[in-house]
file structure26.pdb (PDB, C-alpha atoms)
ATOM      1  CA  MET A   1     -13.161 -17.994  44.195
ATOM      2  CA  ALA A   2     -12.744 -17.490  40.463
ATOM      3  CA  PHE A   3     -15.418 -16.726  37.955
ATOM      4  CA  GLY A   4     -15.362 -15.925  34.247
ATOM      5  CA  LEU A   5     -17.047 -13.275  32.197
ATOM      6  CA  PRO A   6     -17.664 -15.023  28.871
ATOM      7  CA  GLY A   7     -19.947 -12.257  27.571
ATOM      8  CA  PHE A   8     -17.270  -9.668  28.282
ATOM      9  CA  VAL A   9     -14.707 -11.527  26.153
ATOM     10  CA  HIS A  10     -17.125 -11.868  23.224
ATOM     11  CA  GLY A  11     -18.083  -8.200  23.493
ATOM     12  CA  LYS A  12     -14.430  -7.201  23.444
ATOM     13  CA  LYS A  13     -13.847  -9.245  20.264
ATOM     14  CA  ALA A  14     -16.899  -7.696  18.587
ATOM     15  CA  LEU A  15     -15.711  -4.211  19.511
ATOM     16  CA  ARG A  16     -12.265  -4.961  18.114
ATOM     17  CA  ARG A  17     -13.839  -6.184  14.836
ATOM     18  CA  SER A  18     -16.061  -3.121  14.525
ATOM     19  CA  LEU A  19     -13.136  -0.771  15.213
ATOM     20  CA  SER A  20     -11.048  -2.498  12.548
ATOM     21  CA  GLY A  21     -13.963  -1.998  10.139
ATOM     22  CA  ILE A  22     -14.003   1.705  10.970
ATOM     23  CA  LYS A  23     -10.257   1.927  10.316
ATOM     24  CA  GLU A  24     -10.686   0.175   6.941
ATOM     25  CA  ALA A  25     -13.507   2.537   5.961
ATOM     26  CA  ALA A  26     -11.412   5.560   6.934
ATOM     27  CA  LEU A  27      -8.495   4.262   4.894
ATOM     28  CA  LYS A  28     -10.727   3.638   1.872
ATOM     29  CA  SER A  29     -12.223   7.121   2.121
ATOM     30  CA  THR A  30      -8.765   8.704   1.898
ATOM     31  CA  THR A  31      -7.512   6.436  -0.880
ATOM     32  CA  ILE A  32      -7.897   7.752  -4.413
ATOM     33  CA  PRO A  33      -7.780   5.248  -7.283
ATOM     34  CA  LYS A  34      -5.067   5.573  -9.896
ATOM     35  CA  GLY A  35      -6.149   7.935 -12.664
ATOM     36  CA  TYR A  36      -8.338  10.087 -10.381
ATOM     37  CA  PHE A  37      -7.886  13.114  -8.109
ATOM     38  CA  ALA A  38      -9.764  14.671  -5.215
ATOM     39  CA  VAL A  39     -11.692  17.916  -5.606
ATOM     40  CA  TYR A  40     -13.325  19.742  -2.691
ATOM     41  CA  VAL A  41     -16.366  21.669  -3.869
ATOM     42  CA  GLY A  42     -18.633  24.116  -2.094
ATOM     43  CA  GLU A  43     -18.904  27.642  -0.841
ATOM     44  CA  ASP A  44     -19.269  27.029   2.899
ATOM     45  CA  GLN A  45     -19.278  23.275   3.421
ATOM     46  CA  LYS A  46     -16.754  21.510   1.207
ATOM     47  CA  LYS A  47     -17.807  18.172  -0.236
ATOM     48  CA  ARG A  48     -15.182  15.797  -1.602
ATOM     49  CA  TYR A  49     -15.491  14.452  -5.136
ATOM     50  CA  VAL A  50     -13.125  12.010  -6.812
ATOM     51  CA  VAL A  51     -12.958  12.748 -10.529
ATOM     52  CA  PRO A  52     -10.990  11.246 -13.433
ATOM     53  CA  LEU A  53      -7.745  12.908 -14.519
ATOM     54  CA  SER A  54      -9.175  13.038 -18.045
ATOM     55  CA  TYR A  55     -11.347  15.981 -16.897
ATOM     56  CA  LEU A  56      -8.187  18.102 -16.923
ATOM     57  CA  ASN A  57      -8.206  17.852 -20.734
ATOM     58  CA  GLU A  58     -11.804  19.073 -21.046
ATOM     59  CA  PRO A  59     -12.280  22.753 -22.011
ATOM     60  CA  ALA A  60     -15.267  23.239 -19.667
ATOM     61  CA  PHE A  61     -13.291  21.924 -16.683
ATOM     62  CA  GLN A  62     -10.237  23.978 -17.664
ATOM     63  CA  GLU A  63     -12.427  27.083 -17.803
ATOM     64  CA  LEU A  64     -13.787  26.354 -14.320
ATOM     65  CA  LEU A  65     -10.237  25.931 -12.981
ATOM     66  CA  SER A  66      -9.156  29.191 -14.640
ATOM     67  CA  MET A  67     -12.056  31.060 -13.055
ATOM     68  CA  VAL A  68     -11.208  29.601  -9.645
ATOM     69  CA  GLU A  69      -7.544  30.520 -10.035
ATOM     70  CA  GLU A  70      -8.353  34.112 -11.031
ATOM     71  CA  GLU A  71     -10.779  34.671  -8.184
ATOM     72  CA  PHE A  72      -9.319  32.605  -5.336
ATOM     73  CA  GLY A  73      -5.765  31.563  -6.248
ATOM     74  CA  TYR A  74      -4.508  28.097  -5.493
ATOM     75  CA  ASN A  75      -4.253  27.780  -1.725
ATOM     76  CA  HIS A  76      -5.439  24.251  -0.901
ATOM     77  CA  PRO A  77      -5.515  23.741   2.870
ATOM     78  CA  MET A  78      -7.522  20.501   2.554
ATOM     79  CA  GLY A  79      -4.783  18.759   0.558
ATOM     80  CA  GLY A  80      -6.815  18.398  -2.634
ATOM     81  CA  LEU A  81      -7.939  20.831  -5.256
ATOM     82  CA  THR A  82     -10.479  23.252  -3.750
ATOM     83  CA  ILE A  83     -13.179  24.744  -5.968
ATOM     84  CA  PRO A  84     -15.299  27.215  -3.955
ATOM     85  CA  CYS A  85     -18.331  27.213  -6.241
ATOM     86  CA  ARG A  86     -21.864  25.929  -5.756
ATOM     87  CA  GLU A  87     -22.120  22.165  -5.910
ATOM     88  CA  ASP A  88     -24.869  22.229  -8.527
ATOM     89  CA  ILE A  89     -22.599  24.164 -10.926
ATOM     90  CA  PHE A  90     -19.790  21.644 -10.448
ATOM     91  CA  ILE A  91     -22.167  18.703 -10.921
ATOM     92  CA  ASN A  92     -23.610  20.314 -14.055
ATOM     93  CA  ILE A  93     -20.168  20.753 -15.607
ATOM     94  CA  THR A  94     -18.974  17.253 -14.724
ATOM     95  CA  PHE A  95     -22.266  15.731 -15.910
ATOM     96  CA  GLN A  96     -21.723  17.323 -19.330
ATOM     97  CA  LEU A  97     -18.246  15.750 -19.492
ATOM     98  CA  ASN A  98     -19.580  12.217 -19.153
TER      99      ASN A  98
END

call {"tool": "encode", "arguments": {"input": "structure26.pdb", "output": "structure tokens"}}
result
Amino acid sequence: MAFGLPGFVHGKKALRRSLSGIKEAALKSTTIPKGYFAVYVGEDQKKRYVVPLSYLNEPAFQELLSMVEEEFGYNHPMGGLTIPCREDIFINITFQLN
């Protein structure tokens, strides 16, 4: 006696599609567009920002990087530039650059 499980097959296909969507989203979240770089900002919880390379030419951003280097050095365990300052300070500085 043979019987089929048509709902099981459809569910398996839907799961496969949703998992591939998760993989695509994960890949996109780690991809940085050309002309940008990742910055991890925060004192306790680090939040990732993707900012334009042109910020490196801005005096306010250079000053922030100098302060970070003096106080914390440049050990970046997360793979991107880590700035251990309050998020609101970082947002304020980058908002002024726009």

call {"tool": "resolve_selection", "arguments": {"input": "structure26.pdb", "expression": "the PyMOL selection byres ((chain A and resi 68) around 12)", "output": "PyMOL selection string"}}
result
chain A and resi 41-43+61-67+69-76+81-86+90

call {"tool": "residues_near_point", "arguments": {"input": "structure26.pdb", "point": "(-9.8, 14.7, -18.4)", "cutoff": "12 Å", "atoms": "all atoms listed in the file", "output": "ChimeraX atom specification"}}
result
/A:35-37,51-62,94,97-98

call {"tool": "residues_around", "arguments": {"input": "structure26.pdb", "residues": "Ala38 of chain A", "least_positions_apart": "6", "cutoff": "8 Å", "atoms": "only C-alpha atoms", "output": "compact mmCIF listing (two decimals) with C-alpha atoms, in the coordinates of the input"}}
result
# COMPACT_ATOMS: atom_id res chain seq x y z
CA ILE A 32 -7.90 7.75 -4.41
CA ARG A 48 -15.18 15.80 -1.60
CA TYR A 49 -15.49 14.45 -5.14
CA VAL A 50 -13.12 12.01 -6.81
CA VAL A 51 -12.96 12.75 -10.53
CA GLY A 80 -6.82 18.40 -2.63
CA LEU A 81 -7.94 20.83 -5.26

call {"tool": "decode", "arguments": {"input": "structure26.pdb", "residues": "segment 47-74 of chain A", "atoms": "N, CA, C and O atoms", "output": "CSV table (one decimal), in the first residue's frame"}}
result
chain,number,residue,atom,x,y,z
A,47,LYS,N,26.9,48.7,16.9
A,47,LYS,CA,26.0,48.8,15.8
A,47,LYS,C,26.8,49.1,14.6
A,47,LYS,O,27.6,49.9,14.6
A,48,ARG,N,26.5,48.4,13.5
A,48,ARG,CA,27.2,48.5,12.3
A,48,ARG,C,26.6,49.6,11.4
A,48,ARG,O,25.4,49.6,11.1
A,49,TYR,N,27.5,50.5,10.9
A,49,TYR,CA,27.1,51.5,10.0
A,49,TYR,C,28.0,51.4,8.7
A,49,TYR,O,29.2,51.0,8.8
A,50,VAL,N,27.4,51.6,7.6
A,50,VAL,CA,28.2,51.6,6.3
A,50,VAL,C,28.2,53.1,5.9
A,50,VAL,O,27.2,53.7,5.6
A,51,VAL,N,29.5,53.6,5.8
A,51,VAL,CA,29.6,55.1,5.5
A,51,VAL,C,30.5,55.2,4.3
A,51,VAL,O,31.3,54.4,4.0
A,52,PRO,N,30.4,56.4,3.6
A,52,PRO,CA,31.2,56.6,2.4
A,52,PRO,C,32.6,56.8,2.7
A,52,PRO,O,33.0,57.4,3.8
A,53,LEU,N,33.5,56.4,1.8
A,53,LEU,CA,35.0,56.6,2.0
A,53,LEU,C,35.3,58.1,2.1
A,53,LEU,O,36.3,58.5,2.7
A,54,SER,N,34.5,58.9,1.5
A,54,SER,CA,34.7,60.4,1.5
A,54,SER,C,34.8,61.0,2.9
A,54,SER,O,35.4,62.0,3.1
A,55,TYR,N,34.1,60.3,3.8
A,55,TYR,CA,34.2,60.8,5.2
A,55,TYR,C,35.6,60.8,5.7
A,55,TYR,O,35.9,61.6,6.6
A,56,LEU,N,36.5,60.0,5.2
A,56,LEU,CA,37.9,60.0,5.7
A,56,LEU,C,38.6,61.3,5.3
A,56,LEU,O,39.6,61.6,5.9
A,57,ASN,N,38.1,62.0,4.4
A,57,ASN,CA,38.7,63.3,4.1
A,57,ASN,C,38.1,64.5,4.9
A,57,ASN,O,38.6,65.6,4.8
A,58,GLU,N,37.1,64.2,5.7
A,58,GLU,CA,36.5,65.3,6.5
A,58,GLU,C,37.2,65.5,7.8
A,58,GLU,O,37.4,64.5,8.5
A,59,PRO,N,37.5,66.8,8.1
A,59,PRO,CA,38.2,67.0,9.4
A,59,PRO,C,37.5,66.6,10.6
A,59,PRO,O,38.2,66.0,11.6
A,60,ALA,N,36.2,66.7,10.7
A,60,ALA,CA,35.5,66.2,11.9
A,60,ALA,C,35.6,64.7,12.1
A,60,ALA,O,35.8,64.2,13.2
A,61,PHE,N,35.5,64.0,11.0
A,61,PHE,CA,35.7,62.5,11.1
A,61,PHE,C,37.1,62.1,11.4
A,61,PHE,O,37.3,61.2,12.2
A,62,GLN,N,38.1,62.8,10.8
A,62,GLN,CA,39.5,62.6,11.1
A,62,GLN,C,39.7,62.8,12.6
A,62,GLN,O,40.5,62.1,13.2
A,63,GLU,N,39.1,63.9,13.2
A,63,GLU,CA,39.3,64.2,14.6
A,63,GLU,C,38.8,63.0,15.4
A,63,GLU,O,39.4,62.6,16.4
A,64,LEU,N,37.6,62.6,15.1
A,64,LEU,CA,37.0,61.4,15.8
A,64,LEU,C,37.9,60.2,15.8
A,64,LEU,O,38.1,59.6,16.8
A,65,LEU,N,38.4,59.9,14.6
A,65,LEU,CA,39.3,58.7,14.5
A,65,LEU,C,40.6,58.9,15.3
A,65,LEU,O,41.1,58.0,15.9
A,66,SER,N,41.1,60.2,15.3
A,66,SER,CA,42.3,60.4,16.1
A,66,SER,C,42.1,60.2,17.6
A,66,SER,O,42.9,59.7,18.3
A,67,MET,N,40.9,60.7,18.1
A,67,MET,CA,40.5,60.5,19.5
A,67,MET,C,40.4,59.0,19.8
A,67,MET,O,40.9,58.6,20.9
A,68,VAL,N,39.8,58.3,18.9
A,68,VAL,CA,39.6,56.8,19.1
A,68,VAL,C,41.0,56.2,19.2
A,68,VAL,O,41.3,55.3,20.0
A,69,GLU,N,41.9,56.5,18.2
A,69,GLU,CA,43.2,55.9,18.2
A,69,GLU,C,44.0,56.2,19.5
A,69,GLU,O,44.6,55.3,20.1
A,70,GLU,N,43.9,57.5,20.0
A,70,GLU,CA,44.7,57.8,21.2
A,70,GLU,C,44.2,57.1,22.4
A,70,GLU,O,44.9,56.6,23.2
A,71,GLU,N,42.8,57.0,22.5
A,71,GLU,CA,42.3,56.3,23.7
A,71,GLU,C,42.2,54.8,23.6
A,71,GLU,O,42.5,54.2,24.6
A,72,PHE,N,41.9,54.3,22.5
A,72,PHE,CA,41.7,52.8,22.4
A,72,PHE,C,42.6,52.0,21.5
A,72,PHE,O,42.7,50.8,21.5
A,73,GLY,N,43.4,52.7,20.7
A,73,GLY,CA,44.3,52.0,19.7
A,73,GLY,C,43.4,51.5,18.5
A,73,GLY,O,42.3,51.9,18.4
A,74,TYR,N,44.0,50.7,17.7
A,74,TYR,CA,43.3,50.2,16.6
A,74,TYR,C,43.3,48.7,16.5
A,74,TYR,O,43.8,48.0,15.6
